[in-house]
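So this one's start03.cif, mmCIF, C-alpha atoms:
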data_upload
loop_
_atom_site.label_atom_id
_atom_site.label_comp_id
_atom_site.auth_asym_id
_atom_site.auth_seq_id
_atom_site.Cartn_x
_atom_site.Cartn_y
_atom_site.Cartn_z
CA MET I 30 12.91 3.04 -10.78
CA ARG I 31 10.83 4.21 -7.95
CA ASP I 32 10.97 7.88 -7.12
CA PHE I 33 9.42 7.62 -3.72
CA LEU I 34 11.38 5.09 -1.85
CA ARG I 35 10.64 4.66 1.73
CA SER I 36 12.84 4.74 4.76
CA ILE I 37 14.87 5.74 7.83
CA ALA I 38 15.39 6.99 11.34
CA PRO I 39 18.20 6.40 13.74
CA GLN I 40 16.08 5.76 16.84
CA LYS I 41 14.01 2.98 15.24
CA THR I 42 15.30 0.23 17.46
CA ARG I 43 14.13 1.96 20.61
CA LEU I 44 10.73 2.71 19.07
CA CYS I 45 10.29 -0.89 18.00
CA ALA I 46 11.14 -2.02 21.51
CA ALA I 47 8.61 0.43 22.93
CA ALA I 48 5.86 -0.80 20.61
CA VAL I 49 6.58 -4.44 21.40
CA ALA I 50 6.59 -3.66 25.13
CA CYS I 51 3.26 -1.89 24.91
CA PHE I 52 1.61 -4.76 23.06
CA ALA I 53 3.16 -7.28 25.41
CA CYS I 54 1.31 -5.33 28.11
CA PHE I 55 -1.98 -5.83 26.21
CA ALA I 56 -1.33 -9.56 26.04
CA LEU I 57 -1.49 -9.79 29.82
CA ALA I 58 -5.04 -8.42 30.01
CA PRO I 59 -7.92 -10.96 30.08
CA HIS I 60 -9.82 -11.42 26.78
CA ALA I 61 -12.86 -13.43 25.83
CA ALA I 62 -12.36 -14.40 22.17
CA ALA I 63 -9.31 -15.60 20.34
CA ALA I 64 -7.55 -13.86 17.47
CA GLU I 65 -7.15 -15.84 14.26
CA LEU I 66 -4.40 -16.67 11.85
CA PRO I 67 -4.76 -15.23 8.34
CA GLU I 68 -7.08 -17.17 6.04
CA GLU I 69 -5.51 -20.32 4.61
CA ARG I 70 -5.73 -19.76 0.87
CA SER I 71 -3.73 -19.32 -2.31
CA ASP I 72 -4.21 -16.86 -5.15
CA VAL I 73 -2.82 -16.87 -8.66
CA MET I 74 -3.33 -13.68 -10.67
CA TYR I 75 -2.52 -12.01 -13.97
CA HIS I 76 -2.46 -8.23 -13.87
CA VAL I 77 -2.28 -5.52 -16.54
CA TYR I 78 -1.75 -1.77 -16.29
CA ASP I 79 -2.07 0.15 -19.56
CA GLY I 80 -1.81 3.93 -19.62
CA GLY I 81 0.40 6.93 -20.34
CA GLY I 82 2.16 5.07 -23.18
CA GLN I 83 3.22 2.28 -20.87
CA THR I 84 2.09 -1.29 -20.31
CA VAL I 85 2.96 -3.17 -17.13
CA GLN I 86 1.76 -6.75 -16.82
CA GLY I 87 2.65 -10.08 -15.33
CA PRO I 88 1.69 -12.96 -13.09
CA ALA I 89 1.47 -12.95 -9.31
CA LEU I 90 1.15 -15.75 -6.80
CA LEU I 91 0.38 -15.81 -3.09
CA LEU I 92 0.52 -19.03 -1.06
CA ARG I 93 -0.40 -19.46 2.59
CA ARG I 94 -0.43 -22.57 4.77
CA ASN I 95 -1.28 -22.77 8.46
CA PHE I 96 0.07 -25.30 10.95
CA ALA I 97 -1.22 -26.42 14.33
CA GLU I 98 -3.53 -23.38 14.49
CA THR I 99 -0.66 -21.25 15.74
CA VAL I 100 1.77 -20.82 12.85
CA SER I 101 1.12 -19.50 9.37
CA LEU I 102 3.67 -19.48 6.54
CA SER I 103 3.27 -17.40 3.40
CA ALA I 104 5.19 -16.87 0.19
CA SER I 105 4.53 -14.62 -2.77
CA TYR I 106 5.95 -14.02 -6.22
CA TYR I 107 5.13 -11.04 -8.38
CA VAL I 108 6.31 -9.93 -11.82
CA ASP I 109 6.04 -6.59 -13.63
CA GLU I 110 6.91 -6.78 -17.33
CA ILE I 111 7.24 -3.17 -18.41
CA SER I 112 7.09 -2.08 -22.03
CA GLY I 113 6.55 1.16 -23.91
CA ALA I 114 7.55 4.39 -22.22
CA SER I 115 6.03 7.00 -19.98
CA ILE I 116 6.26 10.67 -20.95
CA ASP I 117 9.41 10.99 -18.82
CA VAL I 118 11.13 8.38 -20.93
CA ILE I 119 9.77 9.72 -24.22
CA THR I 120 11.18 13.17 -23.49
CA ASN I 121 14.45 11.99 -21.92
CA ALA I 122 15.41 8.63 -23.38
CA SER I 123 14.38 5.76 -25.66
CA PRO I 124 11.51 3.32 -25.17
CA TYR I 125 12.62 0.11 -23.50
CA THR I 126 11.47 -3.08 -21.90
CA GLU I 127 12.21 -4.00 -18.32
CA ARG I 128 11.28 -6.67 -15.85
CA ARG I 129 10.79 -6.38 -12.10
CA THR I 130 10.41 -9.44 -9.95
CA GLU I 131 9.40 -9.44 -6.31
CA GLY I 132 9.42 -12.34 -3.92
CA SER I 133 8.50 -12.50 -0.27
CA VAL I 134 8.36 -15.03 2.54
CA GLY I 135 6.67 -14.51 5.85
CA THR I 136 5.52 -16.18 9.00
CA ASP I 137 2.85 -15.36 11.55
CA TYR I 138 2.60 -16.75 15.04
CA LEU I 139 -0.58 -16.71 17.12
CA HIS I 140 -0.38 -16.69 20.89
CA ARG I 141 -3.76 -16.30 22.59
CA ASP I 142 -5.07 -12.97 21.29
CA THR I 143 -1.75 -11.75 19.94
CA LEU I 144 -0.69 -12.23 16.34
CA MET I 145 2.96 -11.54 15.48
CA GLY I 146 4.46 -11.60 12.00
CA VAL I 147 7.73 -11.16 10.15
CA THR I 148 7.98 -10.76 6.36
CA TYR I 149 11.00 -10.40 4.11
CA THR I 150 10.50 -8.94 0.62
CA ARG I 151 13.02 -8.65 -2.17
CA SER I 152 12.42 -6.72 -5.39
CA SER I 153 14.88 -6.84 -8.30
CA GLU I 154 15.25 -4.86 -11.51
CA ASN I 155 18.26 -4.38 -13.76
CA ASP I 156 18.92 -0.99 -12.13
CA TYR I 157 17.20 -1.26 -8.74
CA ASP I 158 17.22 -3.74 -5.87
CA ALA I 159 15.08 -3.37 -2.75
CA ASN I 160 15.17 -5.48 0.41
CA THR I 161 12.54 -4.96 3.11
CA TRP I 162 12.02 -6.54 6.51
CA ASP I 163 8.63 -6.00 8.10
CA PHE I 164 7.63 -6.76 11.70
CA ALA I 165 3.98 -6.62 12.74
CA ILE I 166 1.98 -7.28 15.88
CA ALA I 167 -1.78 -7.20 16.44
CA GLN I 168 -3.66 -7.57 19.68
CA ASP I 169 -7.37 -8.34 20.03
CA LEU I 170 -9.20 -6.73 22.95
CA PHE I 171 -12.74 -6.81 24.33
CA GLY I 172 -13.70 -10.16 22.88
CA GLY I 173 -12.29 -9.34 19.47
CA LEU I 174 -14.21 -6.09 19.07
CA THR I 175 -11.06 -3.99 19.15
CA THR I 176 -7.81 -4.79 17.38
CA LEU I 177 -4.69 -2.74 17.95
CA ASN I 178 -1.83 -3.22 15.56
CA ALA I 179 1.65 -1.86 15.13
CA GLY I 180 4.38 -2.44 12.63
CA PHE I 181 7.89 -1.50 11.77
CA ASN I 182 9.77 -2.01 8.54
CA TYR I 183 13.33 -1.48 7.44
CA GLY I 184 14.43 -1.34 3.84
CA ARG I 185 17.79 -1.16 2.15
CA ASP I 186 17.84 -0.42 -1.56
CA THR I 187 20.58 -0.20 -4.17
CA VAL I 188 20.04 2.24 -7.03
CA GLY I 189 21.95 1.94 -10.31
CA ARG I 190 21.85 3.29 -13.81
CA VAL I 191 21.93 1.00 -16.80
CA ASP I 192 25.21 0.96 -18.75
CA THR I 193 27.07 3.04 -16.17
CA ASP I 194 29.00 2.42 -12.95
CA PHE I 195 26.64 4.65 -10.99
CA GLU I 196 25.48 3.15 -7.72
CA ASP I 197 23.96 4.65 -4.60
CA ASP I 198 21.74 3.42 -1.83
CA VAL I 199 18.62 4.22 0.16
CA ARG I 200 17.69 3.31 3.70
CA ARG I 201 14.01 3.26 4.60
CA PHE I 202 12.28 3.10 7.96
CA GLY I 203 8.52 2.87 8.42
CA TYR I 204 6.48 2.94 11.64
CA ARG I 205 2.76 2.32 11.81
CA VAL I 206 0.05 1.94 14.42
CA GLY I 207 -3.59 1.19 13.82
CA LEU I 208 -6.92 0.52 15.44
CA THR I 209 -9.79 -1.56 14.07
CA GLN I 210 -12.99 -1.09 16.02
CA VAL I 211 -16.33 -2.89 15.85
CA LEU I 212 -18.77 -0.12 16.77
CA THR I 213 -22.11 -1.89 16.30
CA PRO I 214 -23.22 -5.32 14.99
CA ARG I 215 -23.08 -3.79 11.50
CA LEU I 216 -20.39 -1.12 11.63
CA ILE I 217 -16.58 -1.34 11.68
CA ALA I 218 -14.19 1.63 11.74
CA THR I 219 -10.42 1.82 11.33
CA LEU I 220 -7.81 4.42 12.19
CA ASP I 221 -4.22 4.11 10.96
CA TYR I 222 -1.12 6.26 11.26
CA GLU I 223 2.13 5.70 9.42
CA ALA I 224 5.41 7.60 9.44
CA VAL I 225 8.05 6.87 6.82
CA ALA I 226 11.56 8.26 6.74
CA ASP I 227 14.01 7.88 3.86
CA GLU I 228 17.68 8.65 3.54
CA GLY I 229 19.85 8.28 0.48
CA TYR I 230 19.46 8.65 -3.26
CA LEU I 231 15.76 9.46 -3.58
CA GLN I 232 15.59 10.61 -7.18
CA ASN I 233 15.54 8.98 -10.58
CA PRO I 234 18.96 8.94 -12.30
CA TYR I 235 17.36 9.16 -15.75
CA ARG I 236 15.04 12.13 -15.33
CA SER I 237 15.83 15.79 -16.09
CA ALA I 238 14.52 19.12 -14.84
CA ARG I 239 14.20 22.19 -17.05
CA VAL I 240 15.80 25.61 -16.55
CA LEU I 241 14.47 28.17 -19.06
CA GLY I 242 13.58 25.27 -21.31
CA ALA I 243 16.98 23.56 -21.17
CA ALA I 244 17.33 20.07 -19.67
CA VAL I 245 19.49 19.85 -16.53
CA PRO I 246 19.99 16.97 -14.05
CA GLU I 247 17.43 16.77 -11.27
CA ALA I 248 18.64 17.30 -7.68
CA TYR I 249 16.61 16.04 -4.70
CA PRO I 250 17.22 16.28 -0.96
CA ARG I 251 18.72 13.08 0.45
CA THR I 252 16.17 12.84 3.27
CA ARG I 253 12.40 12.71 3.36
CA THR I 254 9.96 12.11 6.19
CA SER I 255 6.23 11.66 5.72
CA ASN I 256 3.15 11.21 7.88
CA ALA I 257 -0.15 9.69 6.84
CA VAL I 258 -3.38 9.29 8.79
CA ALA I 259 -6.20 7.19 7.36
CA VAL I 260 -9.72 6.53 8.60
CA SER I 261 -12.37 4.25 7.17
CA ALA I 262 -15.83 2.96 7.99
CA LEU I 263 -17.49 -0.20 6.70
CA ARG I 264 -21.20 -0.88 7.22
CA TYR I 265 -23.50 -3.80 6.46
CA PHE I 266 -26.98 -2.99 5.19
CA GLU I 267 -30.24 -4.88 5.09
CA GLY I 268 -30.67 -6.74 1.80
CA GLY I 269 -27.15 -8.19 1.63
CA TRP I 270 -24.88 -5.31 0.73
CA SER I 271 -22.18 -3.25 2.37
CA GLY I 272 -20.73 0.21 1.87
CA ARG I 273 -17.41 1.75 2.84
CA LEU I 274 -15.95 5.24 3.14
CA GLU I 275 -12.25 6.03 3.34
CA TYR I 276 -10.14 9.14 3.80
CA ARG I 277 -6.40 9.68 4.10
CA TYR I 278 -4.43 12.82 4.88
CA PHE I 279 -0.77 12.93 3.91
CA THR I 280 2.02 15.44 4.46
CA ASP I 281 5.80 15.30 4.13
CA THR I 282 8.97 17.34 4.57
CA TRP I 283 9.18 17.97 0.81
CA GLY I 284 6.08 20.14 1.04
CA ILE I 285 3.61 17.69 -0.48
CA THR I 286 0.13 17.58 1.04
CA ALA I 287 -2.38 15.06 -0.28
CA HIS I 288 -5.96 13.99 0.34
CA THR I 289 -7.49 10.68 -0.71
CA PHE I 290 -11.23 9.95 -0.63
CA GLY I 291 -12.72 6.56 -1.38
CA VAL I 292 -16.20 5.09 -1.47
CA GLY I 293 -17.09 1.46 -2.14
CA TRP I 294 -20.15 -0.73 -2.47
CA SER I 295 -20.38 -4.54 -2.39
CA ARG I 296 -23.29 -6.90 -2.78
CA TYR I 297 -24.30 -10.45 -3.70
CA VAL I 298 -25.59 -10.62 -7.26
CA ARG I 299 -26.40 -14.33 -6.94
CA GLU I 300 -25.50 -16.98 -4.42
CA ASN I 301 -21.78 -16.62 -3.61
CA TRP I 302 -21.14 -14.15 -6.42
CA ILE I 303 -20.00 -10.77 -5.10
CA LEU I 304 -19.93 -7.56 -7.11
CA ASP I 305 -17.83 -4.62 -5.87
CA ALA I 306 -17.86 -1.08 -7.22
CA ARG I 307 -15.55 1.67 -6.00
CA TYR I 308 -14.60 5.26 -6.66
CA ARG I 309 -11.41 6.97 -5.48
CA TYR I 310 -10.36 10.60 -5.69
CA TYR I 311 -6.79 11.66 -5.05
CA THR I 312 -5.39 15.19 -4.99
CA GLN I 313 -1.97 16.50 -4.05
CA GLY I 314 0.00 19.74 -3.97
CA ALA I 315 3.46 20.10 -5.47
CA ALA I 316 6.78 19.56 -3.70
CA ASP I 317 8.60 22.75 -2.68
CA PHE I 318 11.38 22.07 -5.19
CA TYR I 319 9.16 21.13 -8.13
CA ALA I 320 8.81 23.36 -11.18
CA ASP I 321 7.67 22.69 -14.70
CA ASP I 322 10.40 25.07 -15.91
CA PHE I 323 12.79 26.77 -13.46
CA GLU I 324 13.71 30.41 -14.03
CA ARG I 325 17.20 29.87 -12.60
CA PRO I 326 19.22 26.94 -11.28
CA LEU I 327 18.48 26.05 -7.64
CA ARG I 328 20.06 23.66 -5.16
CA TYR I 329 17.11 21.26 -5.42
CA MET I 330 15.21 20.89 -8.66
CA ALA I 331 12.62 18.31 -9.70
CA ARG I 332 10.40 17.84 -12.72
CA ASP I 333 8.79 14.59 -11.77
CA LYS I 334 5.07 14.70 -12.51
CA GLU I 335 4.44 12.63 -9.36
CA LEU I 336 5.81 15.60 -7.36
CA SER I 337 3.64 18.13 -9.21
CA ARG I 338 0.14 19.33 -8.35
CA PHE I 339 -2.37 16.86 -9.76
CA ASP I 340 -5.69 15.08 -9.28
CA SER I 341 -6.80 11.61 -10.21
CA HIS I 342 -10.19 9.90 -10.35
CA SER I 343 -10.58 6.15 -10.50
CA LEU I 344 -13.66 4.03 -10.97
CA GLY I 345 -13.53 0.28 -10.65
CA VAL I 346 -15.64 -2.88 -10.57
CA ARG I 347 -14.84 -6.43 -9.50
CA LEU I 348 -16.83 -9.64 -9.78
CA SER I 349 -15.91 -12.65 -7.63
CA MET I 350 -17.57 -15.92 -8.65
CA GLN I 351 -17.42 -18.98 -6.44
CA LEU I 352 -16.86 -21.97 -8.75
CA PHE I 353 -17.19 -24.86 -6.33
CA GLU I 354 -17.41 -25.63 -2.63
CA GLY I 355 -16.72 -28.89 -0.79
CA ARG I 356 -16.70 -30.97 -3.96
CA GLU I 357 -12.98 -31.51 -4.35
CA ALA I 358 -10.94 -33.75 -2.08
CA PHE I 359 -8.03 -31.33 -1.82
CA LEU I 360 -9.66 -27.93 -2.30
CA ARG I 361 -12.40 -26.81 0.01
CA ARG I 362 -13.55 -23.92 -2.16
CA GLY I 363 -12.52 -22.13 -5.37
CA ALA I 364 -13.38 -18.74 -6.86
CA LEU I 365 -12.59 -16.80 -10.02
CA SER I 366 -12.43 -13.01 -9.90
CA VAL I 367 -12.15 -10.34 -12.57
CA SER I 368 -11.45 -6.69 -11.83
CA TYR I 369 -11.32 -3.57 -14.00
CA GLU I 370 -10.47 -0.02 -13.01
CA HIS I 371 -10.10 3.15 -15.06
CA ILE I 372 -7.94 6.00 -13.72
CA LEU I 373 -7.82 9.56 -15.04
CA PHE I 374 -4.71 11.62 -14.19
CA ASP I 375 -4.86 15.39 -14.63
CA TYR I 376 -1.58 17.26 -14.04
CA ARG I 377 -2.03 20.95 -13.25
CA ASN I 378 1.55 22.13 -13.73
CA PHE I 379 3.31 19.61 -15.94
CA THR I 380 3.63 20.50 -19.60
CA ASP I 381 3.75 17.92 -22.34
CA ILE I 382 6.73 19.47 -24.15
CA ARG I 383 5.71 17.72 -27.39
CA THR I 384 2.49 19.76 -27.57
CA GLY I 385 2.88 22.59 -25.06
CA ASP I 386 -0.37 21.57 -23.32
CA SER I 387 -0.90 20.43 -19.74
CA TYR I 388 -0.36 16.70 -19.50
CA GLY I 389 -2.96 14.11 -18.52
CA PHE I 390 -3.86 10.56 -19.42
CA GLY I 391 -6.19 7.67 -18.72
CA ALA I 392 -5.09 4.23 -17.55
CA ASP I 393 -6.78 0.83 -17.46
CA VAL I 394 -5.97 -1.61 -14.66
CA MET I 395 -7.15 -5.20 -15.01
CA GLN I 396 -6.83 -8.32 -12.87
CA VAL I 397 -7.95 -11.91 -13.34
CA TYR I 398 -7.30 -14.28 -10.45
CA PHE I 399 -8.22 -17.66 -9.10
CA THR I 400 -8.43 -18.29 -5.37
CA ALA I 401 -8.35 -21.69 -3.69
CA TRP I 402 -9.21 -22.36 -0.03
CA TYR I 403 -8.10 -25.67 1.47
CA MET U 18 18.24 14.57 12.00
CA ARG U 19 15.79 16.76 13.92
CA ILE U 20 13.02 15.44 11.67
CA PHE U 21 13.81 11.85 12.60
CA ARG U 22 13.76 12.76 16.28
CA LYS U 23 10.26 14.24 15.87
CA VAL U 24 9.03 11.11 14.12
CA HIS U 25 10.47 8.98 16.88
CA VAL U 26 8.90 11.03 19.66
CA ALA U 27 5.50 11.08 17.92
CA ALA U 28 5.50 7.34 17.29
CA VAL U 29 6.51 6.48 20.87
CA ALA U 30 3.82 8.84 22.23
CA ILE U 31 1.16 7.14 20.11
CA ALA U 32 2.32 3.66 21.15
CA PHE U 33 2.23 4.51 24.85
CA GLY U 34 -1.06 6.39 24.49
CA ALA U 35 -2.61 3.30 22.94
CA ALA U 36 -1.15 1.16 25.72
CA ALA U 37 -2.59 3.40 28.40
CA ALA U 38 -6.02 3.44 26.73
CA GLY U 39 -6.02 -0.35 26.42
CA SER U 40 -4.99 -0.96 30.03
CA GLY U 41 -7.60 1.44 31.38
CA CYS U 42 -10.42 -0.27 29.50
CA ALA U 43 -9.60 -3.89 30.39
CA GLY U 44 -12.78 -4.25 32.51
CA ILE U 45 -15.27 -3.18 29.81
CA GLU U 46 -17.79 -5.82 28.71
CA PRO U 47 -18.10 -6.56 24.96
CA TRP U 48 -20.88 -4.37 23.51
CA VAL U 49 -21.66 -6.71 20.59
CA ALA U 50 -22.69 -10.20 21.73
CA PRO U 51 -21.44 -13.29 19.84
CA TYR U 52 -24.95 -13.99 18.50
CA GLU U 53 -25.04 -10.47 17.02
CA ARG U 54 -21.96 -10.98 14.85
CA GLU U 55 -23.49 -12.66 11.81
CA ALA U 56 -23.21 -9.55 9.62
CA LEU U 57 -19.66 -8.88 10.81
CA ALA U 58 -18.62 -12.37 9.71
CA ASP U 59 -20.04 -11.92 6.20
CA PRO U 60 -17.37 -11.69 3.44
CA LEU U 61 -18.91 -8.33 2.46
CA MET U 62 -17.57 -6.96 5.76
CA ALA U 63 -13.95 -8.04 5.24
CA LEU U 64 -11.53 -5.11 5.36
CA SER U 65 -9.41 -6.78 2.68
CA ARG U 66 -11.17 -9.68 1.00
CA ASP U 67 -8.48 -10.42 -1.60
CA PRO U 68 -4.97 -9.59 -0.35
CA LEU U 69 -3.12 -10.16 -3.64
CA SER U 70 -5.57 -8.02 -5.60
CA ASP U 71 -5.39 -5.22 -3.03
CA ARG U 72 -1.60 -5.39 -3.02
CA HIS U 73 -1.46 -4.88 -6.78
CA ARG U 74 -3.83 -1.92 -6.66
CA GLN U 75 -1.80 -0.41 -3.83
CA HIS U 76 1.39 -0.76 -5.88
CA VAL U 77 -0.23 0.89 -8.92
CA GLN U 78 -1.17 3.87 -6.73
CA ASP U 79 2.08 4.09 -4.76
CA VAL U 80 4.34 4.42 -7.80
CA ARG U 81 2.21 7.14 -9.41
CA GLU U 82 1.40 9.34 -6.43
CA GLY U 83 3.46 11.47 -4.06
CA ALA U 84 1.61 10.20 -1.00
CA ARG U 85 2.39 6.91 0.70
CA GLY U 86 1.53 5.06 3.89
CA GLY U 87 -1.59 4.84 5.96
CA GLY U 88 -2.25 1.35 4.67
CA ARG U 89 -0.72 -1.96 5.68
CA SER U 90 1.41 -2.94 2.69
CA VAL U 91 5.20 -3.21 2.65
CA GLY U 92 7.90 -3.68 0.07
CA GLY U 93 10.07 -1.60 -2.19
CA GLY U 94 11.01 -1.49 -5.83
CA CYS U 95 9.10 0.11 -8.60
CA GLY U 96 8.59 -1.21 -12.11
CA CYS U 97 7.30 2.22 -13.01
CA ASN U 98 9.55 4.18 -15.40
#
Any chance you could put this one into structure tokens?
Amino acid sequence: MRDFLRSIAPQKTRLCAAAVACFACFALAPHAAAAELPEERSDVMYHVYDGGGQTVQGPALLLRRNFAETVSLSASYYVDEISGASIDVITNASPYTERRTEGSVGTDYLHRDTLMGVTYTRSSENDYDANTWDFAIAQDLFGGLTTLNAGFNYGRDTVGRVDTDFEDDVRRFGYRVGLTQVLTPRLIATLDYEAVADEGYLQNPYRSARVLGAAVPEAYPRTRTSNAVAVSALRYFEGGWSGRLEYRYFTDTWGITAHTFGVGWSRYVRENWILDARYRYYTQGAADFYADDFERPLRYMARDKELSRFDSHSLGVRLSMQLFEGREAFLRRGALSVSYEHILFDYRNFTDIRTGDSYGFGADVMQVYFTAWY
Amino acid sequence: MRIFRKVHVAAVAIAFGAAAAGSGCAGIEPWVAPYEREALADPLMALSRDPLSDRHRQHVQDVREGARGGGRSVGGGCGCN
């Protein structure tokens, strides 16, 4: 069950029309270089998340095929096999196993310097179904040195509770605009803004809040609107390496404010072997209706650690090794990649009621994947 | 509903602002010549070199943090109890 489901706004149709109109206007301007379809490649991956008493793992697949240099079709399949139990489950229910599957199909169409795409994604669990439609458009300007993009997505989810008749729904609307800018022959910068509005059942039907130590059902508002602004810079350096910096500011109508900082470094360690290292720091304040232990019952009450004040640090490395190039009749190139990341979560106002101490944990995230270009 | 109206107004303003900026700059010459783009074409300069890998990392973060958005991923569901 996802606690932070995205969604909604009544005027979305008009906004979408406005965004499409504005980018249609860009398409009329003269441009020197052509935009490109996404890279024609396929990836097959196995992923593992292990932390906080919980293991989530499974395969994932992404296929993409381009046709006539104007149309690109993509399909993906993703599985989360969940076992063990997070602290929420340990203190509220019994350990369990669960499976989430996600499938998506999409198409992109290239017309001169304009790339348009539609993607449908469906995610299914035994107590949660999510359906999302995403529409995206990107326009290259100034010989490909500037790319403007905009997107809109609509989601409709059905929330249930295992072994009960409970059912509710969520509607999600997301709007985004972005700019990718080549500043110099070695420097690229991006600027992105995204607004997300949700309406419906936005809480977890299994989780409890506490009032003077006693467990009571959580109660969340049925609407949430958030805004996020992200900037990044990516620079190439002499000697065959690159560095990147990222920052995101987030705020929402539940009172959460968050900052994310990221720094990354990539370089060739031998011919066609790339090593990446990255560090990410995330910090957020608590939602207005969050408390570790309420002194009296309130209209809205939450004790979800993801709505509490906390920090996280993550450090990761990835090695991508090209296995062959131009030797196979069908495959043009193949690469094997392995990735490992360690994340430390430190909750400032969430008590582990088994010990009475502030809660925190470390998590390991691993990926192994093979990529084929054809 | 007032919140949704604000989001709508802000998003439309940004879209039209971007449109105005783009139209006004249509005559500007490219400031990085094609022969200067070797470094930009290097895989080390890709904003997202491995989309499936990035999507998984994004999902791991999204389900464990209060913040969302600002990236380019879509989709719902959780797998995160």
Contacts of Ser70 in chain U within 10 Å, all atoms listed in the file, excl. fewer than 5 positions in-chain, as a ChimeraX atom specification: /I:72-76,89,366-368,395-398 /U:65,75
Expected selection from the PyMOL selection byres ((chain U and resi 74) around 12), given as a PyMOL selection string: (chain I and resi 76-78+309+343+345+368-372+393-396) or (chain U and resi 65+67-73+75-81+88+90)
Nearest residue to chain U from the set I:Tyr403, I:Phe266, I:Phe318, I:Tyr308 (distances using all atoms listed in the file): I:Phe266
Exercise: residues within 8 Å of coordinate (-20.6, -12.6, -3.3), counting only C-alpha atoms, as JSON, numbers by chain: {"I": [296, 297, 298, 299, 300, 301, 302, 303, 304, 349, 350, 351], "U": [60, 61]}
Same residues, C-alpha atoms, saved as a CSV table (one decimal), in the coordinates of the input:
chain,number,residue,atom,x,y,z
I,296,ARG,CA,-23.3,-6.9,-2.8
I,297,TYR,CA,-24.3,-10.4,-3.7
I,298,VAL,CA,-25.6,-10.6,-7.3
I,299,ARG,CA,-26.4,-14.3,-6.9
I,300,GLU,CA,-25.5,-17.0,-4.4
I,301,ASN,CA,-21.8,-16.6,-3.6
I,302,TRP,CA,-21.1,-14.2,-6.4
I,303,ILE,CA,-20.0,-10.8,-5.1
I,304,LEU,CA,-19.9,-7.6,-7.1
I,349,SER,CA,-15.9,-12.6,-7.6
I,350,MET,CA,-17.6,-15.9,-8.6
I,351,GLN,CA,-17.4,-19.0,-6.4
U,60,PRO,CA,-17.4,-11.7,3.4
U,61,LEU,CA,-18.9,-8.3,2.5
Selection: 9 Å around Thr219 in chain I, all atoms listed in the file, excl. self and same-chain fewer than 4 positions, as a PyMOL selection string: chain I and resi 207-211+259-263
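As for CA of Pro250 in chain I and CA of Ser153 in chain I, they are spaced 24.4 Å apart.
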Exercise: Val49 in chain U partners within 10 Å, all atoms listed in the file, chain neighbours under 6 positions left out, as a PyMOL selection string: chain I and resi 171-174+211-215
Given the selection you just returned, output its residues as a file containing C-alpha atoms, formatted as a PDB file, keeping the file's coordinate frame.
ATOM      1  CA  PHE I 171     -12.740  -6.810  24.330  1.00  0.00           C
ATOM      2  CA  GLY I 172     -13.700 -10.160  22.880  1.00  0.00           C
ATOM      3  CA  GLY I 173     -12.290  -9.340  19.470  1.00  0.00           C
ATOM      4  CA  LEU I 174     -14.210  -6.090  19.070  1.00  0.00           C
ATOM      5  CA  VAL I 211     -16.330  -2.890  15.850  1.00  0.00           C
ATOM      6  CA  LEU I 212     -18.770  -0.120  16.770  1.00  0.00           C
ATOM      7  CA  THR I 213     -22.110  -1.890  16.300  1.00  0.00           C
ATOM      8  CA  PRO I 214     -23.220  -5.320  14.990  1.00  0.00           C
ATOM      9  CA  ARG I 215     -23.080  -3.790  11.500  1.00  0.00           C
TER      10      ARG I 215
END
Pick from I:Leu177, I:Ile111, I:Ala218, I:Val188, whichever lies nearest to Leu64 in chain U using all atoms listed in the file: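 Ranking I:Leu177, I:Ile111, I:Ala218, I:Val188 by distance to Leu64 in chain U, first place goes to I:Ala218.
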Residues near Asp317 in chain I, cut-off 12 Å, only C-alpha atoms, skip fewer than 3 positions along chain, as JSON, numbers by chain: {"I": [249, 250, 281, 282, 283, 284, 285, 286, 314, 320, 327, 328, 329, 330, 331, 332, 336, 337, 338]}
Given the PyMOL selection byres ((chain I and resi 323) around 7), the residues it picks as a PyMOL selection string: chain I and resi 239-241+320-322+324-326
Residue selection dump (C-alpha atoms) as a tab-separated table (two decimals), in the coordinates of the input:
chain	number	residue	atom	x	y	z
I	239	ARG	CA	14.20	22.19	-17.05
I	240	VAL	CA	15.80	25.61	-16.55
I	241	LEU	CA	14.47	28.17	-19.06
I	320	ALA	CA	8.81	23.36	-11.18
I	321	ASP	CA	7.67	22.69	-14.70
I	322	ASP	CA	10.40	25.07	-15.91
I	324	GLU	CA	13.71	30.41	-14.03
I	325	ARG	CA	17.20	29.87	-12.60
I	326	PRO	CA	19.22	26.94	-11.28
Counting all atoms listed in the file, the option among I:Val191, I:Ile116, I:Val199, I:Val225 closest to Phe390 in chain I: I:Ile116
So what does the PyMOL selection byres ((chain I and resi 252) around 8) actually pick up in this one, as a compact mmCIF listing (two decimals) with C-alpha atoms, in the frame of the given file?
# COMPACT_ATOMS: atom_id res chain seq x y z
CA ALA I 226 11.56 8.26 6.74
CA ASP I 227 14.01 7.88 3.86
CA GLU I 228 17.68 8.65 3.54
CA GLY I 229 19.85 8.28 0.48
CA LEU I 231 15.76 9.46 -3.58
CA PRO I 250 17.22 16.28 -0.96
CA ARG I 251 18.72 13.08 0.45
CA ARG I 253 12.40 12.71 3.36
CA THR I 254 9.96 12.11 6.19
Distance query Thr130 in chain I at most 7 Å, all atoms listed in the file, self and fewer than 6 positions along chain excluded, as a PyMOL selection string: chain I and resi 107-109+152-154
Atom-to-atom span, CA of Tyr204 in chain I and CA of Tyr222 in chain I, Å: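 Going from CA of Tyr204 in chain I over to CA of Tyr222 in chain I, I get 8.3 Å.
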Pairwise distance for CA of Leu360 in chain I and CA of Phe96 in chain I, rounded to one decimal in Å: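 Here the two named atoms are 16.6 Å from each other.
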